[in-house]
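Peer 1: Next comes run-v9.tsv, TSV, C-alpha atoms:
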chain	number	residue	atom	x	y	z
D	1	GLU	CA	52.25	133.45	70.82
D	2	GLU	CA	50.70	130.82	68.56
D	3	ILE	CA	51.02	131.40	64.85
D	4	GLU	CA	48.01	130.09	62.94
D	5	ASP	CA	48.75	131.11	59.35
D	6	GLU	CA	50.72	128.34	57.57
D	7	GLY	CA	52.74	130.68	55.39
D	8	ARG	CA	53.67	132.74	58.43
D	9	VAL	CA	54.79	129.64	60.35
D	10	LEU	CA	57.21	128.87	57.52
D	11	ARG	CA	58.50	132.43	57.24
D	12	VAL	CA	59.07	132.75	61.00
D	13	PHE	CA	60.77	129.34	61.16
D	14	ARG	CA	63.13	130.23	58.31
D	15	MET	CA	64.09	133.43	60.13
D	16	LEU	CA	65.25	131.55	63.24
D	17	PRO	CA	69.01	131.35	63.87
D	18	LYS	CA	70.37	127.99	62.69
D	19	ASP	CA	71.57	127.03	66.18
D	20	ILE	CA	68.08	127.15	67.72
D	21	SER	CA	65.83	126.11	64.82
D	22	SER	CA	66.20	122.38	65.57
D	23	ASP	CA	65.28	122.91	69.24
D	24	VAL	CA	62.21	124.94	68.27
D	25	PHE	CA	61.24	122.30	65.69
D	26	SER	CA	61.29	119.52	68.31
D	27	TYR	CA	58.73	121.43	70.42
D	28	MET	CA	56.32	122.15	67.54
D	29	THR	CA	53.05	120.31	66.99
D	30	SER	CA	53.23	117.39	64.55
D	31	GLU	CA	51.03	119.39	62.12
D	32	GLN	CA	53.53	122.27	62.11
D	33	GLN	CA	56.45	119.85	61.78
D	34	GLN	CA	54.79	118.18	58.80
D	35	LEU	CA	54.16	121.54	57.13
D	36	ILE	CA	57.80	122.55	57.52
D	37	ALA	CA	59.18	119.16	56.44
D	38	GLU	CA	57.02	119.11	53.31
D	39	SER	CA	57.92	122.71	52.39
D	40	ALA	CA	61.64	122.56	53.22
D	41	THR	CA	64.24	122.18	50.51
D	42	ASN	CA	66.37	119.04	50.62
D	43	ALA	CA	69.30	121.06	51.98
D	44	GLU	CA	67.15	122.67	54.70
D	45	LEU	CA	65.76	119.30	55.76
D	46	LYS	CA	69.20	117.69	55.89
D	47	ALA	CA	70.57	120.56	58.03
D	48	LEU	CA	67.58	120.27	60.39
D	49	VAL	CA	67.88	116.49	60.85
D	50	ASP	CA	71.67	116.67	61.24
D	51	ASP	CA	71.25	119.15	64.10
D	52	MET	CA	68.46	117.34	65.97
D	53	PHE	CA	68.99	114.78	68.72
D	54	MET	CA	68.20	111.30	67.43
D	55	ASP	CA	65.34	110.68	69.89
D	56	ASP	CA	63.65	113.94	68.79
D	57	THR	CA	64.05	112.92	65.13
D	58	VAL	CA	62.46	109.54	65.80
D	59	ASP	CA	59.59	111.08	67.81
D	60	PHE	CA	58.93	113.46	64.91
D	61	LEU	CA	59.04	110.73	62.24
D	62	GLU	CA	56.70	108.42	64.18
D	63	GLU	CA	53.96	111.04	63.72
D	64	MET	CA	54.65	111.71	60.03
D	65	PRO	CA	53.03	110.24	56.90
D	66	ALA	CA	55.11	107.99	54.67
D	67	ASN	CA	56.00	110.78	52.19
D	68	VAL	CA	57.66	112.87	54.93
D	69	VAL	CA	59.55	109.88	56.38
D	70	LYS	CA	60.79	109.01	52.88
D	71	LYS	CA	61.91	112.61	52.25
D	72	VAL	CA	63.83	112.75	55.56
D	73	LEU	CA	65.52	109.38	54.99
D	74	GLN	CA	66.51	110.33	51.43
D	75	ASN	CA	68.22	113.47	52.72
D	76	ALA	CA	69.98	111.92	55.73
D	77	ASP	CA	73.52	110.60	55.42
D	78	GLU	CA	73.98	106.82	55.43
D	79	GLY	CA	74.88	106.51	59.12
D	80	THR	CA	71.93	108.66	60.25
D	81	ARG	CA	69.55	106.81	57.92
D	82	LYS	CA	70.64	103.44	59.30
D	83	THR	CA	70.20	104.61	62.91
D	84	ILE	CA	66.75	106.11	62.22
D	85	ASN	CA	65.58	102.87	60.59
D	86	GLN	CA	66.89	100.88	63.55
D	87	PHE	CA	65.04	103.11	66.04
D	88	LEU	CA	61.79	103.04	64.08
D	89	ASN	CA	61.77	99.23	64.20
D	90	TYR	CA	61.87	98.91	68.00
D	91	PRO	CA	58.60	97.82	69.64
D	92	GLU	CA	56.38	100.63	70.90
D	93	ASN	CA	56.92	101.40	74.62
D	94	SER	CA	60.26	99.57	74.66
D	95	ALA	CA	63.56	100.97	75.92
D	96	GLY	CA	64.79	101.02	72.31
D	97	SER	CA	61.93	103.28	71.23
D	98	VAL	CA	62.80	106.05	73.73
D	99	MET	CA	66.60	105.92	73.73
D	100	THR	CA	68.92	108.34	71.97
D	101	ALA	CA	72.15	107.58	70.09
D	102	GLU	CA	73.81	110.77	71.40
D	103	TYR	CA	76.02	109.48	74.20
D	104	VAL	CA	79.72	109.62	75.02
D	105	GLY	CA	81.17	106.19	74.30
D	106	LEU	CA	84.79	105.69	75.32
D	107	LYS	CA	87.13	102.81	74.47
D	108	LYS	CA	88.55	100.65	77.24
D	109	ASN	CA	92.15	101.33	76.19
D	110	MET	CA	91.77	105.15	76.08
D	111	THR	CA	93.76	107.25	78.53
D	112	VAL	CA	92.13	110.01	80.59
D	113	GLU	CA	93.83	112.54	78.32
D	114	GLN	CA	92.39	110.89	75.19
D	115	ALA	CA	88.96	110.74	76.85
D	116	PHE	CA	89.02	114.49	77.55
D	117	ASP	CA	90.10	115.17	73.94
D	118	TYR	CA	87.18	113.04	72.71
D	119	ILE	CA	84.65	114.81	74.97
D	120	ARG	CA	85.89	118.24	73.88
D	121	LYS	CA	85.58	117.27	70.22
D	122	TYR	CA	82.25	115.42	70.25
D	123	GLY	CA	80.56	116.25	73.57
D	124	VAL	CA	78.75	119.33	72.26
D	125	ASP	CA	76.36	117.08	70.30
D	126	LYS	CA	75.66	114.66	73.14
D	127	GLU	CA	72.66	114.67	75.47
D	128	THR	CA	74.88	114.23	78.51
D	129	ILE	CA	78.65	114.33	78.95
D	130	TYR	CA	78.75	113.80	82.72
D	131	THR	CA	78.32	110.04	82.52
D	132	CYS	CA	80.43	108.26	79.90
D	133	TYR	CA	80.17	104.61	78.88
D	134	VAL	CA	83.19	102.37	78.30
D	135	MET	CA	83.20	99.70	75.59
D	136	ASP	CA	85.54	96.98	74.41
D	137	GLU	CA	86.69	96.65	70.80
D	138	LYS	CA	83.39	94.94	69.87
D	139	ARG	CA	81.30	97.78	71.39
D	140	ARG	CA	80.22	95.59	74.32
D	141	LEU	CA	79.42	97.71	77.36
D	142	GLU	CA	82.07	97.11	80.01
D	143	GLY	CA	81.87	99.99	82.47
D	144	VAL	CA	80.96	103.55	83.31
D	145	VAL	CA	83.04	106.62	84.20
D	146	THR	CA	81.93	110.08	85.26
D	147	VAL	CA	83.65	113.36	84.43
D	148	LYS	CA	84.51	113.52	88.14
D	149	ASP	CA	86.36	110.19	87.79
D	150	LEU	CA	88.34	111.63	84.87
D	151	LEU	CA	89.22	114.80	86.80
D	152	LEU	CA	90.45	112.84	89.82
D	153	ASN	CA	92.71	110.46	87.89
D	154	ASP	CA	96.10	110.87	86.24
D	155	TYR	CA	96.13	111.80	82.53
D	156	ALA	CA	97.86	108.50	81.70
D	157	ALA	CA	95.30	106.30	83.52
D	158	LEU	CA	93.31	103.92	81.31
D	159	MET	CA	89.51	103.78	81.14
D	160	GLY	CA	89.60	100.03	81.78
D	161	ASP	CA	91.38	100.64	85.09
D	162	ILE	CA	89.30	103.52	86.43
D	163	MET	CA	85.81	102.56	85.18
D	164	ASP	CA	83.13	101.09	87.42
D	165	PRO	CA	82.36	97.67	85.91
D	166	HIS	CA	79.02	97.40	87.74
D	167	VAL	CA	76.79	99.05	85.15
D	168	ILE	CA	73.02	99.28	85.54
D	169	LYS	CA	71.61	98.89	82.03
D	170	ALA	CA	68.45	98.21	80.05
D	171	TYR	CA	67.87	96.02	76.99
D	172	THR	CA	66.38	97.47	73.79
D	173	THR	CA	63.23	95.32	74.06
D	174	GLU	CA	62.66	95.99	77.77
D	175	ASP	CA	59.34	97.62	78.67
D	176	GLN	CA	59.37	101.35	79.43
D	177	GLU	CA	57.67	100.79	82.79
D	178	LYS	CA	60.57	98.57	83.88
D	179	VAL	CA	62.98	101.32	82.76
D	180	VAL	CA	61.11	103.91	84.86
D	181	GLU	CA	61.34	101.57	87.88
D	182	THR	CA	65.11	101.27	87.34
D	183	PHE	CA	65.50	105.06	87.19
D	184	ASN	CA	63.52	105.47	90.40
D	185	GLU	CA	65.23	102.62	92.24
D	186	TYR	CA	68.78	103.82	91.53
D	187	ASN	CA	68.09	107.57	91.23
D	188	LEU	CA	69.77	107.71	87.80
D	189	LEU	CA	70.22	110.61	85.39
D	190	SER	CA	70.91	108.33	82.42
D	191	LEU	CA	70.74	104.62	81.64
D	192	PRO	CA	72.69	102.77	78.93
D	193	VAL	CA	70.73	100.53	76.53
D	194	VAL	CA	72.28	97.40	75.05
D	195	ASP	CA	71.22	94.83	72.48
D	196	GLY	CA	71.05	91.06	73.00
D	197	GLU	CA	74.83	90.78	72.69
D	198	ASP	CA	75.50	93.50	75.29
D	199	ARG	CA	76.60	96.02	72.64
D	200	LEU	CA	75.90	99.63	73.57
D	201	VAL	CA	73.31	101.09	71.18
D	202	GLY	CA	72.00	104.14	73.05
D	203	ILE	CA	71.12	105.79	76.32
D	204	ILE	CA	67.92	106.96	77.98
D	205	THR	CA	68.05	110.21	79.93
D	206	VAL	CA	65.74	110.83	82.86
D	207	ASP	CA	63.83	113.60	81.03
D	208	ASP	CA	63.11	111.26	78.09
D	209	VAL	CA	61.66	108.47	80.18
D	210	MET	CA	59.72	110.60	82.65
Let me see whether you can do it: turn the structure in this file into structure tokens.

Peer 2:
Amino acid sequence: EEIEDEGRVLRVFRMLPKDISSDVFSYMTSEQQQLIAESATNAELKALVDDMFMDDTVDFLEEMPANVVKKVLQNADEGTRKTINQFLNYPENSAGSVMTAEYVGLKKNMTVEQAFDYIRKYGVDKETIYTCYVMDEKRRLEGVVTVKDLLLNDYAALMGDIMDPHVIKAYTTEDQEKVVETFNEYNLLSLPVVDGEDRLVGIITVDDVM
């Protein structure tokens, strides 16, 4: 049921359980989002942004006037603020503009056991945990492992030894249409996105690009 009255929109939104409010917010119209963002306390806004996926936050901010963007950035922690600014500066319709920073990034020298510990600790906030990306010490993308790979290997095995080094990837400035072609050609669920130095900066999931 659509709620027209502005005051009622705010009251209903504030009554939502904390664990679903960010999901509901991401599906609202930009007018409703603006109303809530302008009316929210700093603490409410910080909690909302902290709980949203980065691509949803960027989509929301791209539709907002400068005063709302400023308010969100002022209430985000330094790491989140830096990531939001980076995303907002990617060219429109580029891979960088539709990617999310919520991915499972594993280090090349991690064991399977350490990888599982990492996924258990941080996986709840990621868009997908089934495909994990392996990086070297400089965050350069080196390979990909699936949860199935982890399950089928010994706990002591290293990511660098079990990963598939043939990674299909996109570059941040690549056109979205090219990204869609890549998804279709390889029947992918997610695609890693790298910068000009091959450093992993995000992923695109099939639902985001389609």

Peer 1: Using all atoms listed in the file, determine which residues lie at most 12 Å from segment 109-122 of chain D, disregarding the query and same-chain residues fewer than 6 positions distant; provide the list as an MDAnalysis selection string.

Peer 2: chainID D and resid 102:103 128:137 142 145:163

Peer 1: Find the residues around segment 204-207 of chain D up to 6 Å (only C-alpha atoms counted), leave out those fewer than 2 positions away in its own chain, and share them as an NGL selection string.

Peer 2: :D and (99 or 189-191 or 209-210)

Peer 1: Got a sec to check which residues sit within 8 Å of (68.7, 99.1, 78.7), counting all atoms listed in the file, and write them as a PyMOL selection string?

Peer 2: chain D and resi 95-96+169-172+174+179+191-195+203-204

Peer 1: Have a look at atom CA of Val9 of chain D and atom CA of Gln74 of chain D and let me know their distance in Å, one decimal.

Peer 2: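 Here the two named atoms are 24.3 Å from each other.
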
Peer 1: Restricting the calculation to all atoms listed in the file: of D:Lys70, D:Phe183, D:Val124, D:Lys46, which residue gets closest to Ser22 of chain D?

Peer 2: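 Distance minimum relative to Ser22 of chain D lands on D:Lys46.
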
Peer 1: Which distance in Å separates atom CA of Thr100 of chain D and atom CA of Phe53 of chain D, to one decimal?

Peer 2: 7.2 Å

Peer 1: For Lys126 of chain D, which of D:Val98, D:Val24, D:Val104, D:Val72 is the closest residue, counting all atoms listed in the file?

Peer 2: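 Between D:Val98, D:Val24, D:Val104, D:Val72, the residue approaching Lys126 of chain D most closely is D:Val104.
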
Peer 1: Which of these residues is nearest to Val69 of chain D, using only C-alpha atoms: D:Glu31, D:Glu127, D:Asp175, D:Glu38?

Peer 2: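 Of the candidates, the smallest distance to Val69 of chain D is held by D:Glu38.
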
Peer 1: So how many Å separate atom CA of Ser39 of chain D and atom CA of Ser21 of chain D, to one decimal?

Peer 2: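 Spanning atom CA of Ser39 of chain D to atom CA of Ser21 of chain D is a straight-line distance of 15.1 Å.
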
Peer 1: Would you mind telling me which residue in D:Arg81, D:Lys178, D:Lys108, D:Arg140 lies nearest to Met54 of chain D when using all atoms listed in the file?

Peer 2: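 When distances to Met54 of chain D are compared using all atoms listed in the file, the smallest one comes from D:Arg81.
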
Peer 1: Point out the residue among D:Met64, D:Ile36, D:Ile168, D:Met15 with the least atom-to-atom distance to Tyr186 of chain D, counting all atoms listed in the file.

Peer 2: D:Ile168

Peer 1: Pick from D:Val144, D:Gly123, D:Asp23, D:Thr83: nearest to Val201 of chain D, with only C-alpha atoms counted?

Peer 2: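 Among the listed residues, D:Thr83 lies closest to Val201 of chain D.
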